[in-house]
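A.B. asks: The structure follows.
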Amino acid sequence: MDLNLLRVLEALLQENSVTRAAERLGTSPAAVSRTLARLRRTVGDPLLVRAGQGLVPTPRAVELREEVGALLRGCDNVLRPGAGFDAVHLQRTFTVQATDLLLVGLAGSLTERIHAEAPQVDVVFLPEAVEGGPGLRQGLVDVELGVLGHLDPEIRTRQLTRMPLVGIARSGHPLFEGRIDARRFAAADHIGISRLGKRLGPIDTALAELGLRRRTAVVVPSHTSAMMLARDTDLVALSLADWIPDTIAAMGLRTFPVPLDLEPLDLGMAWHPRNSADPGHRWFREHLAAAVLAPPRRHIQEGPDGRSGAVAE
């Protein structure tokens, strides 16, 4: 049935007058009269009948009055943006694609945030194995988080923050015995982090501009494995500045500024436009962004070279 028929019927049943119903609907009495005739044919009942100078509802019309009102209120709630959304009743699983380094730093705080408002919401984290693919377009991924690239043209994005890269090594590494300049940094054996086994990157480009080269002694597919390897060897890895200070300290690792002119990494999130206006998805994106942007507790400790680095409290 045409939804407009129900709106006219509701106005007629409330006003018991074609003229007043027309005024309420912002249309002409003739148009309302035509619609009333159509309603009578559809329902099989006169609905409103003449009584002196006015109209009175039939028993069938009285029965329909509350039902029609409830139907229209339900339709309005469905069509109103975000209407009726209450996170506490949300039962849903959201899928996030992110590196293991970002996951370690935000999964705990994100879980606490969402469960405080929506205890029945679950989160599935996927590795970057599907990066650059159609995961967002196909609905396999709700949000992609990290350094964004190779996205389909319709994908929506939001930049969250910029994070510098820092070096990371075991606390007793010989590098910390003096000032860490570009030459000493390049002389150390390095851990490359690449899912595709790449050995060269922006670090190598920046070193080459200074006439320096580094040795990438080993390449691993994840930041977690790089940190564990750096913990047990004299190899040097890279991480995000001030991201997981508690974890770094607990592993016996220490960060240091990379002595090169490097651009910070732009971290953002991406999602498919079909989810842009969805209230549950929008609610989740806001909590995900807040978990990324909430700074971890830390204090600054000055190293033997006079340069500062973030360490855990």
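Chain labels run A, B, ... following the order of the structure tokens; each chain numbers its residues from 1, and ligands are numbered from 1 in the order shown.
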Contacts of range 151-162 of chain A at 8 Å or less, counting only C-alpha atoms, minus same-chain residues fewer than 2 places along, as a list in words?
C.D. replies: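 Listed by chain and then number, they are Gly132, Gly133, Pro134, Leu136, Arg137, Leu148, Gly149, Pro164, Pro264, Leu265, Asp266, Leu267, Gly268, Met269, Ala270, Trp271, His272, Pro273, Ala289, Val292 and Leu293 of chain A.
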A.B. asks: Export, as a tab-separated table (two decimals), in the first residue's frame, the selected residues with N, CA and C atoms.
C.D. replies:
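Okay, this is what ended up in selection-v7.tsv:
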```
chain	number	residue	atom	x	y	z
A	132	GLY	N	44.77	-3.82	-0.02
A	132	GLY	CA	44.80	-3.56	-1.44
A	132	GLY	C	43.80	-4.37	-2.23
A	133	GLY	N	43.07	-5.24	-1.56
A	133	GLY	CA	42.06	-6.04	-2.23
A	133	GLY	C	40.68	-5.44	-2.06
A	134	PRO	N	39.66	-6.17	-2.46
A	134	PRO	CA	38.29	-5.62	-2.41
A	134	PRO	C	37.57	-5.89	-1.09
A	136	LEU	N	36.90	-4.14	1.63
A	136	LEU	CA	35.91	-3.14	2.03
A	136	LEU	C	34.71	-3.16	1.09
A	137	ARG	N	34.99	-3.23	-0.20
A	137	ARG	CA	33.91	-3.21	-1.20
A	137	ARG	C	33.03	-4.44	-1.06
A	148	LEU	N	47.03	4.13	4.69
A	148	LEU	CA	46.05	3.77	3.67
A	148	LEU	C	46.64	3.92	2.27
A	149	GLY	N	46.33	2.96	1.44
A	149	GLY	CA	46.78	3.00	0.05
A	149	GLY	C	46.07	1.94	-0.76
A	164	PRO	N	55.74	9.51	14.05
A	164	PRO	CA	57.11	9.32	13.57
A	164	PRO	C	57.57	7.88	13.79
A	264	PRO	N	56.74	11.58	9.01
A	264	PRO	CA	55.93	10.70	9.87
A	264	PRO	C	54.94	9.89	9.02
A	265	LEU	N	54.48	8.80	9.58
A	265	LEU	CA	53.48	7.98	8.90
A	265	LEU	C	52.09	8.56	9.15
A	266	ASP	N	51.30	8.66	8.10
A	266	ASP	CA	49.91	9.11	8.22
A	266	ASP	C	49.03	7.90	8.49
A	267	LEU	N	48.43	7.87	9.67
A	267	LEU	CA	47.55	6.78	10.04
A	267	LEU	C	46.10	7.23	9.89
A	268	GLY	N	45.30	6.41	9.26
A	268	GLY	CA	43.90	6.74	9.07
A	268	GLY	C	43.05	5.49	9.04
A	269	MET	N	41.76	5.69	8.84
A	269	MET	CA	40.87	4.54	8.70
A	269	MET	C	40.01	4.74	7.46
A	270	ALA	N	39.59	3.62	6.89
A	270	ALA	CA	38.81	3.64	5.65
A	270	ALA	C	37.63	2.69	5.79
A	271	TRP	N	36.53	3.04	5.12
A	271	TRP	CA	35.33	2.21	5.15
A	271	TRP	C	34.55	2.42	3.87
A	272	HIS	N	33.64	1.49	3.58
A	272	HIS	CA	32.83	1.61	2.37
A	272	HIS	C	31.68	2.57	2.61
A	273	PRO	N	31.31	3.38	1.61
A	273	PRO	CA	30.24	4.37	1.82
A	273	PRO	C	28.88	3.79	2.18
A	289	ALA	N	38.44	5.34	16.44
A	289	ALA	CA	39.28	6.54	16.33
A	289	ALA	C	39.75	7.00	17.70
A	292	VAL	N	42.62	4.95	19.00
A	292	VAL	CA	43.89	5.27	18.34
A	292	VAL	C	44.45	6.57	18.89
A	293	LEU	N	43.59	7.54	19.11
A	293	LEU	CA	44.05	8.88	19.48
A	293	LEU	C	44.33	9.03	20.97
```
A.B. asks: Find the residues of range 5-47 of chain A that sit at most 12 Å from range 64-70 of chain A; for each, write down the nearest two atoms and how far apart they are in Å, to one decimal. Count only C-alpha atoms. Sort by chain, then by number going up, and give it as JSON lines.
C.D. replies:
```
{"residue": "A:Leu5", "atom": "CA", "partner": "A:Val68", "partner_atom": "CA", "distance": 10.2}
{"residue": "A:Leu6", "atom": "CA", "partner": "A:Val68", "partner_atom": "CA", "distance": 6.6}
{"residue": "A:Arg7", "atom": "CA", "partner": "A:Val68", "partner_atom": "CA", "distance": 8.3}
{"residue": "A:Val8", "atom": "CA", "partner": "A:Val68", "partner_atom": "CA", "distance": 10.3}
{"residue": "A:Leu9", "atom": "CA", "partner": "A:Val68", "partner_atom": "CA", "distance": 7.8}
{"residue": "A:Glu10", "atom": "CA", "partner": "A:Val68", "partner_atom": "CA", "distance": 6.4}
{"residue": "A:Ala11", "atom": "CA", "partner": "A:Gly69", "partner_atom": "CA", "distance": 9.7}
{"residue": "A:Leu12", "atom": "CA", "partner": "A:Arg65", "partner_atom": "CA", "distance": 9.6}
{"residue": "A:Leu13", "atom": "CA", "partner": "A:Arg65", "partner_atom": "CA", "distance": 6.3}
{"residue": "A:Gln14", "atom": "CA", "partner": "A:Arg65", "partner_atom": "CA", "distance": 7.9}
{"residue": "A:Glu15", "atom": "CA", "partner": "A:Arg65", "partner_atom": "CA", "distance": 11.3}
{"residue": "A:Asn16", "atom": "CA", "partner": "A:Arg65", "partner_atom": "CA", "distance": 11.4}
{"residue": "A:Val43", "atom": "CA", "partner": "A:Leu64", "partner_atom": "CA", "distance": 10.2}
{"residue": "A:Asp45", "atom": "CA", "partner": "A:Leu64", "partner_atom": "CA", "distance": 11.3}
{"residue": "A:Leu47", "atom": "CA", "partner": "A:Leu64", "partner_atom": "CA", "distance": 9.3}
```
A.B. asks: According to DSSP computed on the backbone, where in range 128-265 of chain A is there strand (DSSP E or B)? Give the residues as number ranges by chain.
C.D. replies: A: 143-146, 156-163, 165-170, 189-193, 215-220, 236-240, 253-257, 265
A.B. asks: Of the candidates A:Ser28, A:Gln91, A:Gln138, A:Thr99, which shows the shortest atom-to-atom distance to Asp122 in chain A, using only C-alpha atoms?
C.D. replies: A:Gln91
A.B. asks: Would you mind listing, for every residue of range 162-202 of chain A within 9 Å of range 215-233 of chain A, the two atoms forming the shortest contact and the distance between them in Å to one decimal, using only C-alpha atoms, sorted by chain and ascending residue number, as CSV?
C.D. replies:
```
residue,atom,partner,partner_atom,distance
A:Ile168,CA,A:Ala230,CA,7.5
A:Ala169,CA,A:Ala230,CA,5.6
A:Arg170,CA,A:Arg231,CA,5.1
A:Ser171,CA,A:Arg231,CA,8.3
A:His173,CA,A:Thr233,CA,8.7
A:Ala186,CA,A:Arg215,CA,7.5
A:Ala187,CA,A:Arg215,CA,7.6
A:Ala188,CA,A:Arg215,CA,7.4
A:Asp189,CA,A:Arg215,CA,5.4
A:His190,CA,A:Thr216,CA,4.6
A:Ile191,CA,A:Val218,CA,5.2
A:Gly192,CA,A:Val219,CA,4.3
A:Ile193,CA,A:Val220,CA,5.1
A:Ser194,CA,A:Pro221,CA,4.9
A:Arg195,CA,A:Pro221,CA,4.3
A:Leu196,CA,A:Pro221,CA,7.4
A:Gly197,CA,A:Val219,CA,6.2
A:Lys198,CA,A:Val219,CA,7.5
A:Arg199,CA,A:Thr216,CA,6.6
A:Leu200,CA,A:Thr216,CA,8.3
```
A.B. asks: Taking into account only C-alpha atoms, which residue in the set A:Ile114, A:Met251, A:Val124, A:Val236 is nearest to Thr95 in chain A?
C.D. replies: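 So, comparing all the options, the nearest one is A:Val124.
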A.B. asks: Name the residues of range 27-275 of chain A that come out as alpha helix (DSSP H) in a backbone DSSP run; write them as number ranges by chain.
C.D. replies: A: 29-43, 59-79, 100-117, 135-138, 182-187, 202-209, 223-232, 245-250
A.B. asks: May I ask which of the residues A:Arg179, A:Arg214, A:His89, A:Arg50 is the closest one to Ser17 in chain A, counting only C-alpha atoms?
C.D. replies: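 Distance minimum relative to Ser17 in chain A lands on A:Arg50.
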